[in-house]
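Trainee: Supplied structure: coords03.cif, mmCIF, C-alpha atoms.
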```
data_input
#
loop_
_atom_site.group_PDB
_atom_site.id
_atom_site.type_symbol
_atom_site.label_atom_id
_atom_site.label_comp_id
_atom_site.auth_asym_id
_atom_site.auth_seq_id
_atom_site.Cartn_x
_atom_site.Cartn_y
_atom_site.Cartn_z
ATOM 1 C CA MET A 2 -26.438 13.578 11.231
ATOM 2 C CA PRO A 3 -24.585 10.253 10.899
ATOM 3 C CA SER A 4 -20.887 10.496 10.216
ATOM 4 C CA VAL A 5 -18.181 7.960 9.451
ATOM 5 C CA ASP A 6 -14.496 8.350 10.256
ATOM 6 C CA PHE A 7 -11.748 7.000 8.034
ATOM 7 C CA ASP A 8 -8.030 7.023 8.597
ATOM 8 C CA LEU A 9 -6.860 6.689 5.005
ATOM 9 C CA GLU A 10 -7.669 8.592 1.859
ATOM 10 C CA HIS A 11 -6.299 7.288 -1.420
ATOM 11 C CA VAL A 12 -6.551 8.701 -4.920
ATOM 12 C CA TYR A 13 -6.644 5.733 -7.253
ATOM 13 C CA PRO A 14 -5.303 5.795 -10.833
ATOM 14 C CA ASN A 15 -7.584 7.043 -13.531
ATOM 15 C CA ASP A 16 -8.844 3.998 -15.371
ATOM 16 C CA PRO A 17 -10.168 4.309 -18.926
ATOM 17 C CA ALA A 18 -12.898 1.779 -18.213
ATOM 18 C CA GLY A 19 -13.953 3.468 -14.989
ATOM 19 C CA ASN A 20 -12.715 0.715 -12.696
ATOM 20 C CA ILE A 21 -11.261 1.281 -9.234
ATOM 21 C CA PRO A 22 -7.806 -0.276 -9.489
ATOM 22 C CA LEU A 23 -5.664 -0.866 -6.432
ATOM 23 C CA SER A 24 -2.222 -2.383 -6.167
ATOM 24 C CA ILE A 25 -2.538 -5.575 -4.158
ATOM 25 C CA LYS A 26 0.128 -7.879 -2.776
ATOM 26 C CA LEU A 27 -0.596 -11.474 -1.854
ATOM 27 C CA GLU A 28 1.815 -13.385 0.344
ATOM 28 C CA VAL A 29 2.172 -17.052 1.107
ATOM 29 C CA GLY A 30 5.133 -17.631 3.357
ATOM 30 C CA GLU A 31 8.133 -15.952 1.785
ATOM 31 C CA THR A 32 6.548 -15.765 -1.664
ATOM 32 C CA SER A 33 4.609 -12.761 -2.864
ATOM 33 C CA ALA A 34 2.783 -11.570 -5.951
ATOM 34 C CA ARG A 35 1.771 -8.008 -6.660
ATOM 35 C CA PHE A 36 -0.813 -6.954 -9.218
ATOM 36 C CA TRP A 37 -3.842 -4.738 -9.778
ATOM 37 C CA ALA A 38 -7.290 -5.664 -8.620
ATOM 38 C CA TYR A 39 -10.536 -3.779 -8.983
ATOM 39 C CA VAL A 40 -12.689 -2.950 -6.009
ATOM 40 C CA ASP A 41 -16.081 -4.529 -6.623
ATOM 41 C CA THR A 42 -18.661 -4.169 -3.892
ATOM 42 C CA GLY A 43 -20.950 -6.385 -5.944
ATOM 43 C CA ALA A 44 -18.566 -9.331 -5.807
ATOM 44 C CA ALA A 45 -19.185 -11.722 -2.952
ATOM 45 C CA HIS A 46 -15.545 -12.819 -2.739
ATOM 46 C CA CYS A 47 -12.092 -11.826 -3.917
ATOM 47 C CA LEU A 48 -11.404 -13.553 -7.196
ATOM 48 C CA PHE A 49 -8.060 -13.541 -8.970
ATOM 49 C CA GLN A 50 -6.445 -15.054 -12.025
ATOM 50 C CA SER A 51 -4.915 -18.469 -11.396
ATOM 51 C CA GLU A 52 -1.573 -17.202 -12.690
ATOM 52 C CA TYR A 53 -1.045 -15.504 -9.343
ATOM 53 C CA ALA A 54 -1.706 -18.732 -7.470
ATOM 54 C CA GLU A 55 0.996 -20.260 -9.616
ATOM 55 C CA ILE A 56 3.426 -17.434 -8.837
ATOM 56 C CA LEU A 57 2.677 -17.932 -5.142
ATOM 57 C CA GLY A 58 3.449 -21.620 -5.442
ATOM 58 C CA LEU A 59 -0.111 -22.683 -4.678
ATOM 59 C CA GLU A 60 -1.617 -25.742 -6.275
ATOM 60 C CA LEU A 61 -4.847 -24.307 -7.614
ATOM 61 C CA ARG A 62 -7.159 -27.305 -7.316
ATOM 62 C CA VAL A 63 -6.082 -28.222 -3.813
ATOM 63 C CA GLY A 64 -8.009 -25.170 -2.615
ATOM 64 C CA LEU A 65 -11.590 -24.933 -1.435
ATOM 65 C CA PRO A 66 -13.780 -25.269 -4.535
ATOM 66 C CA LEU A 67 -16.542 -22.750 -5.100
ATOM 67 C CA GLN A 68 -18.691 -21.887 -8.065
ATOM 68 C CA PHE A 69 -19.336 -18.257 -8.988
ATOM 69 C CA SER A 70 -22.121 -17.038 -11.203
ATOM 70 C CA VAL A 71 -21.196 -13.960 -13.175
ATOM 71 C CA ALA A 72 -23.158 -11.166 -14.784
ATOM 72 C CA GLY A 73 -23.262 -12.886 -18.147
ATOM 73 C CA GLY A 74 -24.835 -15.969 -16.596
ATOM 74 C CA ALA A 75 -21.749 -18.155 -16.880
ATOM 75 C CA ILE A 76 -20.514 -20.334 -14.029
ATOM 76 C CA ILE A 77 -16.897 -19.993 -12.967
ATOM 77 C CA GLU A 78 -15.060 -22.643 -10.980
ATOM 78 C CA ALA A 79 -12.673 -21.176 -8.442
ATOM 79 C CA TYR A 80 -10.569 -22.441 -5.570
ATOM 80 C CA GLY A 81 -10.018 -20.750 -2.241
ATOM 81 C CA HIS A 82 -6.647 -20.417 -0.560
ATOM 82 C CA THR A 83 -5.582 -18.646 2.610
ATOM 83 C CA VAL A 84 -3.165 -15.830 1.897
ATOM 84 C CA ILE A 85 -2.022 -12.537 3.345
ATOM 85 C CA VAL A 86 -3.671 -9.701 1.449
ATOM 86 C CA GLU A 87 -1.900 -6.334 1.537
ATOM 87 C CA VAL A 88 -3.571 -3.283 0.058
ATOM 88 C CA LEU A 89 -2.514 0.284 0.891
ATOM 89 C CA ASP A 90 -0.324 -1.036 3.705
ATOM 90 C CA ARG A 91 -3.254 -2.822 5.346
ATOM 91 C CA ARG A 92 -2.492 -6.510 5.803
ATOM 92 C CA VAL A 93 -5.180 -9.078 6.487
ATOM 93 C CA GLU A 94 -5.262 -12.851 6.332
ATOM 94 C CA SER A 95 -8.091 -14.057 4.155
ATOM 95 C CA VAL A 96 -9.400 -16.836 2.006
ATOM 96 C CA VAL A 97 -9.364 -15.595 -1.571
ATOM 97 C CA TYR A 98 -10.292 -17.443 -4.741
ATOM 98 C CA PHE A 99 -8.374 -18.142 -7.918
ATOM 99 C CA THR A 100 -9.770 -19.283 -11.211
ATOM 100 C CA ASP A 101 -8.303 -20.515 -14.454
ATOM 101 C CA HIS A 102 -11.569 -19.916 -16.261
ATOM 102 C CA PRO A 103 -10.755 -18.944 -19.854
ATOM 103 C CA GLY A 104 -11.227 -15.265 -20.411
ATOM 104 C CA PHE A 105 -11.150 -14.280 -16.766
ATOM 105 C CA ARG A 106 -8.913 -11.203 -16.788
ATOM 106 C CA ARG A 107 -10.397 -8.939 -14.121
ATOM 107 C CA ASN A 108 -9.106 -9.474 -10.618
ATOM 108 C CA VAL A 109 -11.653 -8.260 -8.114
ATOM 109 C CA LEU A 110 -11.488 -7.291 -4.465
ATOM 110 C CA GLY A 111 -14.891 -8.307 -3.200
ATOM 111 C CA ARG A 112 -16.735 -8.304 0.079
ATOM 112 C CA GLN A 113 -15.578 -11.506 1.770
ATOM 113 C CA GLY A 114 -11.818 -11.602 1.989
ATOM 114 C CA TRP A 115 -11.215 -7.868 1.838
ATOM 115 C CA LEU A 116 -14.069 -5.386 2.138
ATOM 116 C CA HIS A 117 -15.449 -7.091 5.223
ATOM 117 C CA HIS A 118 -12.263 -6.174 7.090
ATOM 118 C CA PHE A 119 -12.760 -2.417 6.710
ATOM 119 C CA LYS A 120 -15.055 0.503 6.497
ATOM 120 C CA PHE A 121 -14.959 1.593 2.882
ATOM 121 C CA GLY A 122 -15.884 4.897 1.320
ATOM 122 C CA LEU A 123 -15.868 6.063 -2.285
ATOM 123 C CA ILE A 124 -16.072 9.434 -4.017
ATOM 124 C CA TYR A 125 -16.113 8.215 -7.573
ATOM 125 C CA TYR A 126 -16.171 11.718 -9.044
ATOM 126 C CA GLU A 127 -12.816 12.488 -7.421
ATOM 127 C CA SER A 128 -11.288 8.993 -7.803
ATOM 128 C CA LYS A 129 -10.932 8.759 -4.042
ATOM 129 C CA ILE A 130 -11.442 5.850 -1.722
ATOM 130 C CA TYR A 131 -11.437 5.871 2.053
ATOM 131 C CA LEU A 132 -10.560 3.061 4.445
ATOM 132 C CA GLY A 133 -10.966 2.748 8.159
ATOM 133 C CA PRO A 134 -10.703 -0.008 10.713
ATOM 134 C CA LEU A 135 -13.935 -1.591 11.834
ATOM 135 C CA GLU A 136 -13.125 -1.262 15.529
ATOM 136 C CA THR A 137 -13.709 2.479 15.394
ATOM 137 C CA GLN A 138 -17.309 1.945 14.383
ATOM 138 C CA GLY A 139 -19.868 3.131 16.888
ATOM 139 C CA ARG A 140 -17.423 5.009 19.084
ATOM 140 C CA MET B 5 -13.218 8.631 16.153
ATOM 141 C CA ALA B 6 -10.282 7.235 14.252
ATOM 142 C CA PRO B 7 -7.027 6.695 16.162
ATOM 143 C CA ALA B 8 -5.189 9.951 16.276
ATOM 144 C CA LEU B 9 -1.954 8.324 15.177
ATOM 145 C CA LEU B 10 -3.474 7.178 11.909
ATOM 146 C CA VAL B 11 -5.091 10.527 11.331
ATOM 147 C CA SER B 12 -1.738 12.154 11.845
ATOM 148 C CA GLU B 13 -0.285 9.906 9.155
ATOM 149 C CA GLN B 14 -2.681 11.324 6.658
ATOM 150 C CA HIS B 15 -2.158 14.896 7.622
ATOM 151 C CA ALA B 16 1.528 14.880 8.475
ATOM 152 C CA ASN B 17 3.310 17.770 6.859
ATOM 153 C CA TRP B 18 5.833 15.968 4.720
ATOM 154 C CA ASP B 19 8.019 19.046 4.510
ATOM 155 C CA VAL B 20 8.720 18.571 8.176
ATOM 156 C CA LEU B 21 9.785 14.974 7.648
ATOM 157 C CA ALA B 22 11.775 15.362 4.462
ATOM 158 C CA PRO B 23 12.294 19.061 3.785
ATOM 159 C CA PRO B 24 14.702 20.503 1.201
ATOM 160 C CA PRO B 25 18.172 21.406 2.503
ATOM 161 C CA SER B 26 17.408 25.122 2.704
ATOM 162 C CA ALA B 27 14.324 24.414 4.778
ATOM 163 C CA ILE B 28 16.336 22.059 6.993
ATOM 164 C CA ALA B 29 18.871 24.790 7.711
ATOM 165 C CA ALA B 30 16.163 27.308 8.503
ATOM 166 C CA TRP B 31 14.275 24.811 10.564
ATOM 167 C CA ASP B 32 17.334 23.742 12.501
ATOM 168 C CA GLU B 33 17.982 27.355 13.302
ATOM 169 C CA THR B 34 14.434 27.707 14.553
ATOM 170 C CA ILE B 35 14.737 24.531 16.592
ATOM 171 C CA THR B 36 18.004 25.710 18.053
ATOM 172 C CA GLN B 37 16.427 28.985 19.030
ATOM 173 C CA LYS B 38 13.469 27.273 20.610
ATOM 174 C CA ALA B 39 15.062 24.213 22.069
ATOM 175 C CA GLY B 40 18.617 25.350 22.500
ATOM 176 C CA PRO B 41 21.686 23.756 20.925
ATOM 177 C CA VAL B 42 21.874 20.031 20.451
ATOM 178 C CA SER B 43 22.445 18.492 23.791
ATOM 179 C CA PRO B 44 25.772 16.645 24.219
ATOM 180 C CA PHE B 45 23.555 13.821 25.406
ATOM 181 C CA PHE B 46 22.392 13.286 21.845
ATOM 182 C CA GLN B 47 25.852 13.624 20.346
ATOM 183 C CA ARG B 48 27.191 10.572 22.080
ATOM 184 C CA GLU B 49 28.578 7.660 20.115
ATOM 185 C CA GLU B 50 25.958 5.238 21.377
ATOM 186 C CA TRP B 51 23.268 7.011 19.361
ATOM 187 C CA SER B 52 24.631 5.372 16.216
ATOM 188 C CA PHE B 53 21.723 2.941 16.167
ATOM 189 C CA SER B 54 21.681 2.571 12.372
ATOM 190 C CA PRO B 55 18.556 4.455 11.438
ATOM 191 C CA ALA B 56 17.582 4.673 7.790
ATOM 192 C CA PRO B 57 20.021 7.185 6.222
ATOM 193 C CA SER B 58 17.223 9.065 4.529
ATOM 194 C CA VAL B 59 15.511 9.601 7.843
ATOM 195 C CA THR B 60 18.205 10.620 10.232
ATOM 196 C CA SER B 61 21.918 10.918 9.943
ATOM 197 C CA SER B 62 23.026 13.433 12.512
ATOM 198 C CA PRO B 63 22.343 14.560 16.029
ATOM 199 C CA PHE B 64 20.328 17.369 14.521
ATOM 200 C CA GLU B 65 18.190 14.874 12.674
ATOM 201 C CA TYR B 66 17.764 12.896 15.833
ATOM 202 C CA GLN B 67 16.777 15.931 17.829
ATOM 203 C CA ARG B 68 14.353 16.876 15.088
ATOM 204 C CA ALA B 69 12.789 13.444 15.460
ATOM 205 C CA ILE B 70 12.575 13.983 19.179
ATOM 206 C CA LEU B 71 10.844 17.308 18.672
ATOM 207 C CA HIS B 72 8.571 15.671 16.147
ATOM 208 C CA ALA B 73 7.826 13.037 18.760
ATOM 209 C CA GLY B 74 6.489 15.760 20.961
ATOM 210 C CA ARG B 75 3.738 16.327 18.411
ATOM 211 C CA LEU B 76 2.852 12.675 17.983
ATOM 212 C CA PRO B 77 0.138 11.108 20.076
ATOM 213 C CA ILE B 78 2.516 8.416 21.297
ATOM 214 C CA THR B 79 4.075 10.955 23.601
ATOM 215 C CA LYS B 80 2.743 13.215 26.253
ATOM 216 C CA SER B 81 2.847 16.911 25.645
ATOM 217 C CA HIS B 82 4.858 17.483 28.785
ATOM 218 C CA SER B 83 8.193 18.884 27.725
ATOM 219 C CA SER B 84 10.174 16.359 29.746
ATOM 220 C CA GLU B 85 8.648 13.559 27.669
ATOM 221 C CA ARG B 86 10.054 15.041 24.483
ATOM 222 C CA HIS B 87 13.533 14.035 25.463
ATOM 223 C CA ASN B 88 12.650 10.524 26.454
ATOM 224 C CA PRO B 89 14.836 8.409 24.127
ATOM 225 C CA ARG B 90 12.133 5.765 23.874
ATOM 226 C CA ASN B 91 9.740 8.351 22.454
ATOM 227 C CA ALA B 92 12.361 9.386 19.943
ATOM 228 C CA GLU B 93 12.777 5.768 18.876
ATOM 229 C CA LEU B 94 9.025 5.471 18.406
ATOM 230 C CA ALA B 95 9.000 8.706 16.452
ATOM 231 C CA LEU B 96 11.767 7.411 14.196
ATOM 232 C CA GLU B 97 9.878 4.194 13.614
ATOM 233 C CA GLN B 98 6.858 6.203 12.605
ATOM 234 C CA ILE B 99 8.901 8.422 10.308
ATOM 235 C CA ARG B 100 10.449 5.356 8.662
ATOM 236 C CA ALA B 101 6.996 3.840 8.216
ATOM 237 C CA LEU B 102 5.801 7.064 6.612
ATOM 238 C CA HIS B 103 8.778 6.999 4.261
ATOM 239 C CA ARG B 104 8.033 3.398 3.302
ATOM 240 C CA LYS B 105 4.409 4.235 2.626
ATOM 241 C CA GLN B 106 5.334 7.269 0.577
ATOM 242 C CA GLU B 107 7.766 5.173 -1.457
ATOM 243 C CA SER B 108 5.109 2.538 -2.059
ATOM 244 C CA ARG B 109 2.575 5.101 -3.229
ATOM 245 C CA GLN B 110 5.202 6.709 -5.486
ATOM 246 C CA LEU B 111 6.016 3.317 -6.992
ATOM 247 C CA GLU B 112 2.350 2.579 -7.598
ATOM 248 C CA GLN B 113 1.794 5.968 -9.174
ATOM 249 C CA GLU B 114 4.698 5.483 -11.572
ATOM 250 C CA GLU B 115 3.350 2.052 -12.487
ATOM 251 C CA ALA B 116 -0.090 3.494 -13.187
ATOM 252 C CA GLU B 117 1.466 6.167 -15.396
ATOM 253 C CA TRP B 118 3.492 3.548 -17.272
ATOM 254 C CA ILE B 119 0.416 1.438 -17.891
ATOM 255 C CA ALA B 120 -1.613 4.420 -19.068
ATOM 256 C CA ALA B 121 1.144 5.431 -21.477
ATOM 257 C CA ASN B 122 1.926 1.953 -22.809
ATOM 258 C CA ARG B 123 -1.394 0.140 -22.710
ATOM 259 C CA MET B 124 -1.829 0.047 -26.463
ATOM 260 C CA CYS B 125 1.701 -1.218 -27.138
ATOM 261 C CA TYR B 126 1.488 -4.072 -24.651
ATOM 262 C CA ALA B 127 -2.189 -5.011 -24.913
ATOM 263 C CA GLY B 128 -2.577 -8.767 -24.698
ATOM 264 C CA ARG B 129 0.745 -9.294 -22.951
ATOM 265 C CA TRP B 130 1.924 -9.834 -19.388
ATOM 266 C CA VAL B 131 4.332 -7.279 -18.002
ATOM 267 C CA ALA B 132 6.417 -6.935 -14.852
ATOM 268 C CA LEU B 133 6.956 -3.381 -13.616
ATOM 269 C CA LEU B 134 8.829 -1.823 -10.777
ATOM 270 C CA GLY B 135 7.809 1.786 -10.653
ATOM 271 C CA GLY B 136 8.070 3.193 -14.136
ATOM 272 C CA VAL B 137 10.559 0.538 -15.243
ATOM 273 C CA LEU B 138 9.562 -2.399 -17.394
ATOM 274 C CA ILE B 139 11.415 -5.443 -16.062
ATOM 275 C CA ALA B 140 9.983 -8.085 -18.338
ATOM 276 C CA ASP B 141 7.154 -8.795 -20.719
ATOM 277 C CA GLY B 142 5.884 -11.936 -22.332
ATOM 278 C CA LYS B 143 2.925 -14.037 -23.317
ATOM 279 C CA SER B 144 2.526 -15.788 -19.977
ATOM 280 C CA ALA B 145 2.653 -14.794 -16.346
ATOM 281 C CA ARG B 146 5.070 -17.632 -15.627
ATOM 282 C CA VAL B 147 7.635 -16.372 -18.125
ATOM 283 C CA VAL B 148 7.376 -12.818 -16.819
ATOM 284 C CA ALA B 149 7.569 -13.929 -13.179
ATOM 285 C CA GLU B 150 10.666 -16.005 -13.884
ATOM 286 C CA ALA B 151 12.297 -13.152 -15.794
ATOM 287 C CA SER B 152 11.666 -10.724 -12.952
ATOM 288 C CA ALA B 153 12.667 -13.058 -10.145
ATOM 289 C CA GLY B 154 15.781 -11.028 -9.313
ATOM 290 C CA ALA B 155 13.940 -7.726 -8.823
ATOM 291 C CA PRO B 156 14.884 -5.843 -5.653
ATOM 292 C CA SER B 157 11.272 -5.882 -4.466
ATOM 293 C CA THR B 158 8.062 -7.573 -5.520
ATOM 294 C CA PRO B 159 7.288 -6.335 -9.042
ATOM 295 C CA LEU B 160 3.828 -5.559 -10.318
ATOM 296 C CA ILE B 161 2.867 -8.386 -12.674
ATOM 297 C CA ILE B 162 -0.252 -7.822 -14.696
ATOM 298 C CA TYR B 163 -1.971 -8.708 -17.914
ATOM 299 C CA ILE B 164 -2.496 -5.634 -20.068
ATOM 300 C CA GLU B 165 -5.881 -5.744 -21.624
ATOM 301 C CA ASN B 166 -7.770 -3.556 -24.006
ATOM 302 C CA GLU B 167 -10.051 -1.670 -21.717
ATOM 303 C CA LEU B 168 -13.718 -2.126 -22.320
ATOM 304 C CA PRO B 169 -16.301 -0.990 -19.791
ATOM 305 C CA PHE B 170 -16.572 -3.622 -17.071
ATOM 306 C CA ALA B 171 -20.082 -4.860 -16.298
ATOM 307 C CA GLY B 172 -19.079 -6.602 -13.061
ATOM 308 C CA TRP B 173 -18.823 -10.253 -12.316
#
```
Would you put the structure from the file into structure tokens?

Mentor:
Amino acid sequence: MPSVDFDLEHVYPNDPAGNIPLSIKLEVGETSARFWAYVDTGAAHCLFQSEYAEILGLELRVGLPLQFSVAGGAIIEAYGHTVIVEVLDRRVESVVYFTDHPGFRRNVLGRQGWLHHFKFGLIYYESKIYLGPLETQGR
Amino acid sequence: MAPALLVSEQHANWDVLAPPPSAIAAWDETITQKAGPVSPFFQREEWSFSPAPSVTSSPFEYQRAILHAGRLPITKSHSSERHNPRNAELALEQIRALHRKQESRQLEQEEAEWIAANRMCYAGRWVALLGGVLIADGKSARVVAEASAGAPSTPLIIYIENELPFAGW
């Protein structure tokens, strides 16, 4: 029977809309911003509100431009910046995207930029997530 | 298999690391019975290496850390290794890290509780929180970030929205 080992179990806050919110801290040099982001395995990248880029002192449109298509069919323009992403005491350096698209209010932790750094497990019924380092895979 | 150290983080008995005073007294008595009185070696002045006050503040605390080190995977189980000062330092670092993590989780939990309790009142506004304390609120993230610039640690800055089911991006 296959089994997967994790080294962290976290009970996330109960969210009325059923999201999986995590406290996330982004760092650029000495500047940091902390906020909530929702784990979204369906999101290709990490996408955050441009307000946090501003708090971090980043110039939004200097970043790597990328268009996102969203569930409603709309196209969102976003810009990638390299930051330190800290979630549950795990720090990784990643390119994450910021958008000033009107109405974008849901920060998401997607696959590239965050999920691809870890093994990730979810027991939705118990509001629990599990994280583990990739290097333990296959041992 | 996950690294044993990280597994131990998850399953560490917190009562051992930060027990109530009565438990400390009982535990110290047990330690003394098992390990003997605190060695004069650990009562020397040079052990004042400025550990976090909440973690260790006495030779007893230090010896407790050393005994704890004996149960951590960074040390060997051989009894002579338990009294290796380097192992004790590593154990203290791990205990401090556990305290920091516990404090972070506590802060995040208080913030989640605040948001759950105040969502309706602050819907449509930006807020800055540190634990269960509202530092600032306003109509823009910039205003809130500026108002909370003097916070002792990075505050949580978020836009409070009326929660509707999220269909994914």

Trainee: Give me the residues near A:Tyr39 as a PDB file with C-alpha atoms, in the coordinates of the input, where near means some atom within 12 Å (using only C-alpha atoms) and where sequence neighbours in that chain fewer than 3 positions away do not count.

Mentor:
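See selection_12.pdb below for the written result:
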```pdb
ATOM      1  CA  TYR A  13      -6.644   5.733  -7.253  1.00  0.00           C
ATOM      2  CA  PRO A  14      -5.303   5.795 -10.833  1.00  0.00           C
ATOM      3  CA  ASP A  16      -8.844   3.998 -15.371  1.00  0.00           C
ATOM      4  CA  ALA A  18     -12.898   1.779 -18.213  1.00  0.00           C
ATOM      5  CA  GLY A  19     -13.953   3.468 -14.989  1.00  0.00           C
ATOM      6  CA  ASN A  20     -12.715   0.715 -12.696  1.00  0.00           C
ATOM      7  CA  ILE A  21     -11.261   1.281  -9.234  1.00  0.00           C
ATOM      8  CA  PRO A  22      -7.806  -0.276  -9.489  1.00  0.00           C
ATOM      9  CA  LEU A  23      -5.664  -0.866  -6.432  1.00  0.00           C
ATOM     10  CA  SER A  24      -2.222  -2.383  -6.167  1.00  0.00           C
ATOM     11  CA  ILE A  25      -2.538  -5.575  -4.158  1.00  0.00           C
ATOM     12  CA  PHE A  36      -0.813  -6.954  -9.218  1.00  0.00           C
ATOM     13  CA  THR A  42     -18.661  -4.169  -3.892  1.00  0.00           C
ATOM     14  CA  GLY A  43     -20.950  -6.385  -5.944  1.00  0.00           C
ATOM     15  CA  ALA A  44     -18.566  -9.331  -5.807  1.00  0.00           C
ATOM     16  CA  CYS A  47     -12.092 -11.826  -3.917  1.00  0.00           C
ATOM     17  CA  LEU A  48     -11.404 -13.553  -7.196  1.00  0.00           C
ATOM     18  CA  PHE A  49      -8.060 -13.541  -8.970  1.00  0.00           C
ATOM     19  CA  VAL A  88      -3.571  -3.283   0.058  1.00  0.00           C
ATOM     20  CA  ARG A 106      -8.913 -11.203 -16.788  1.00  0.00           C
ATOM     21  CA  ARG A 107     -10.397  -8.939 -14.121  1.00  0.00           C
ATOM     22  CA  ASN A 108      -9.106  -9.474 -10.618  1.00  0.00           C
ATOM     23  CA  VAL A 109     -11.653  -8.260  -8.114  1.00  0.00           C
ATOM     24  CA  LEU A 110     -11.488  -7.291  -4.465  1.00  0.00           C
ATOM     25  CA  GLY A 111     -14.891  -8.307  -3.200  1.00  0.00           C
ATOM     26  CA  ARG A 112     -16.735  -8.304   0.079  1.00  0.00           C
ATOM     27  CA  TRP A 115     -11.215  -7.868   1.838  1.00  0.00           C
ATOM     28  CA  LEU A 116     -14.069  -5.386   2.138  1.00  0.00           C
TER      29      LEU A 116
ATOM     30  CA  PHE B 170     -16.572  -3.622 -17.071  1.00  0.00           C
ATOM     31  CA  GLY B 172     -19.079  -6.602 -13.061  1.00  0.00           C
ATOM     32  CA  TRP B 173     -18.823 -10.253 -12.316  1.00  0.00           C
TER      33      TRP B 173
END
```

Trainee: Output as a PyMOL selection string the set of chain A residues within 7 Å of chain B, with distances taken over only C-alpha atoms.

Mentor: chain A and resi 6-9+14+17-19+24+33-37+44+52+56+71-72+137+140

Trainee: Quick one: write out the picked residues with C-alpha atoms as an mmCIF file, in the coordinates of the input?

Mentor:
```cif
data_model
loop_
_atom_site.group_PDB
_atom_site.id
_atom_site.type_symbol
_atom_site.label_atom_id
_atom_site.label_comp_id
_atom_site.auth_asym_id
_atom_site.auth_seq_id
_atom_site.Cartn_x
_atom_site.Cartn_y
_atom_site.Cartn_z
ATOM 1 C CA ASP A 6 -14.496 8.350 10.256
ATOM 2 C CA PHE A 7 -11.748 7.000 8.034
ATOM 3 C CA ASP A 8 -8.030 7.023 8.597
ATOM 4 C CA LEU A 9 -6.860 6.689 5.005
ATOM 5 C CA PRO A 14 -5.303 5.795 -10.833
ATOM 6 C CA PRO A 17 -10.168 4.309 -18.926
ATOM 7 C CA ALA A 18 -12.898 1.779 -18.213
ATOM 8 C CA GLY A 19 -13.953 3.468 -14.989
ATOM 9 C CA SER A 24 -2.222 -2.383 -6.167
ATOM 10 C CA SER A 33 4.609 -12.761 -2.864
ATOM 11 C CA ALA A 34 2.783 -11.570 -5.951
ATOM 12 C CA ARG A 35 1.771 -8.008 -6.660
ATOM 13 C CA PHE A 36 -0.813 -6.954 -9.218
ATOM 14 C CA TRP A 37 -3.842 -4.738 -9.778
ATOM 15 C CA ALA A 44 -18.566 -9.331 -5.807
ATOM 16 C CA GLU A 52 -1.573 -17.202 -12.690
ATOM 17 C CA ILE A 56 3.426 -17.434 -8.837
ATOM 18 C CA VAL A 71 -21.196 -13.960 -13.175
ATOM 19 C CA ALA A 72 -23.158 -11.166 -14.784
ATOM 20 C CA THR A 137 -13.709 2.479 15.394
ATOM 21 C CA ARG A 140 -17.423 5.009 19.084
#
```

Trainee: Kindly give the distance, in Å, that separates atom CA of A:Ser128 and atom CA of B:Gly135, rounded to a single decimal.

Mentor: 20.6 Å

Trainee: Mind pulling up the distance from atom CA of A:Glu31 to atom CA of A:Leu57?

Mentor: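 Those two atoms sit 9.0 Å apart.
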
Trainee: Go ahead and compute the interatomic distance for atom CA of A:Gly81 and atom CA of A:Thr100, in Å to one decimal.

Mentor: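 Separation between atom CA of A:Gly81 and atom CA of A:Thr100: 9.1 Å.
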
Trainee: Of the residues A:Asn15, A:Ser4, A:Ser95, A:Thr32, which is the one nearest to A:Ala54, using all atoms listed in the file?

Mentor: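 For A:Ala54, the nearest of the given residues is A:Thr32.
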
Trainee: Stretch 26-39 of chain A, all listed atoms, 6 Å padding on each side: what axis-aligned box centre and edge lengths in Å to one decimal come out, as lines of an AutoDock Vina configuration file?

Mentor:
```
center_x = -1.2
center_y = -10.7
center_z = -3.2
size_x = 30.7
size_y = 25.9
size_z = 25.1
```

Trainee: For A:His11, which of A:Glu55, A:Phe105, A:Glu136, A:Asp90 is the closest residue, counting only C-alpha atoms?

Mentor: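 Checking each of A:Glu55, A:Phe105, A:Glu136, A:Asp90 against A:His11, counting only C-alpha atoms, the winner is A:Asp90.
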
Trainee: For B:Leu134, which residue out of B:Glu114, B:Glu107, B:Arg100, B:Asn122 is the nearest one, using all atoms listed in the file?

Mentor: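 Going through B:Glu114, B:Glu107, B:Arg100, B:Asn122 one by one, the smallest distance to B:Leu134 is for B:Glu114.
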
Trainee: Give me stretch 97-103 of chain A with N, CA and C atoms filled in, as a short mmCIF file (atom, residue, chain, number, x, y, z; two decimals), in the frame of the given file.

Mentor:
```cif
data_model
loop_
_atom_site.label_atom_id
_atom_site.label_comp_id
_atom_site.auth_asym_id
_atom_site.auth_seq_id
_atom_site.Cartn_x
_atom_site.Cartn_y
_atom_site.Cartn_z
N VAL A 97 -9.03 -16.21 -0.29
CA VAL A 97 -9.36 -15.60 -1.57
C VAL A 97 -9.42 -16.70 -2.62
N TYR A 98 -10.06 -16.41 -3.74
CA TYR A 98 -10.29 -17.44 -4.74
C TYR A 98 -9.52 -17.16 -6.03
N PHE A 99 -9.09 -18.23 -6.65
CA PHE A 99 -8.37 -18.14 -7.92
C PHE A 99 -9.11 -18.99 -8.94
N THR A 100 -9.12 -18.51 -10.16
CA THR A 100 -9.77 -19.28 -11.21
C THR A 100 -8.91 -19.30 -12.47
N ASP A 101 -8.98 -20.43 -13.15
CA ASP A 101 -8.30 -20.52 -14.45
C ASP A 101 -9.34 -20.52 -15.57
N HIS A 102 -10.51 -19.99 -15.25
CA HIS A 102 -11.57 -19.92 -16.26
C HIS A 102 -11.07 -19.12 -17.47
N PRO A 103 -11.24 -19.66 -18.67
CA PRO A 103 -10.76 -18.94 -19.85
C PRO A 103 -11.43 -17.58 -19.97
#
```
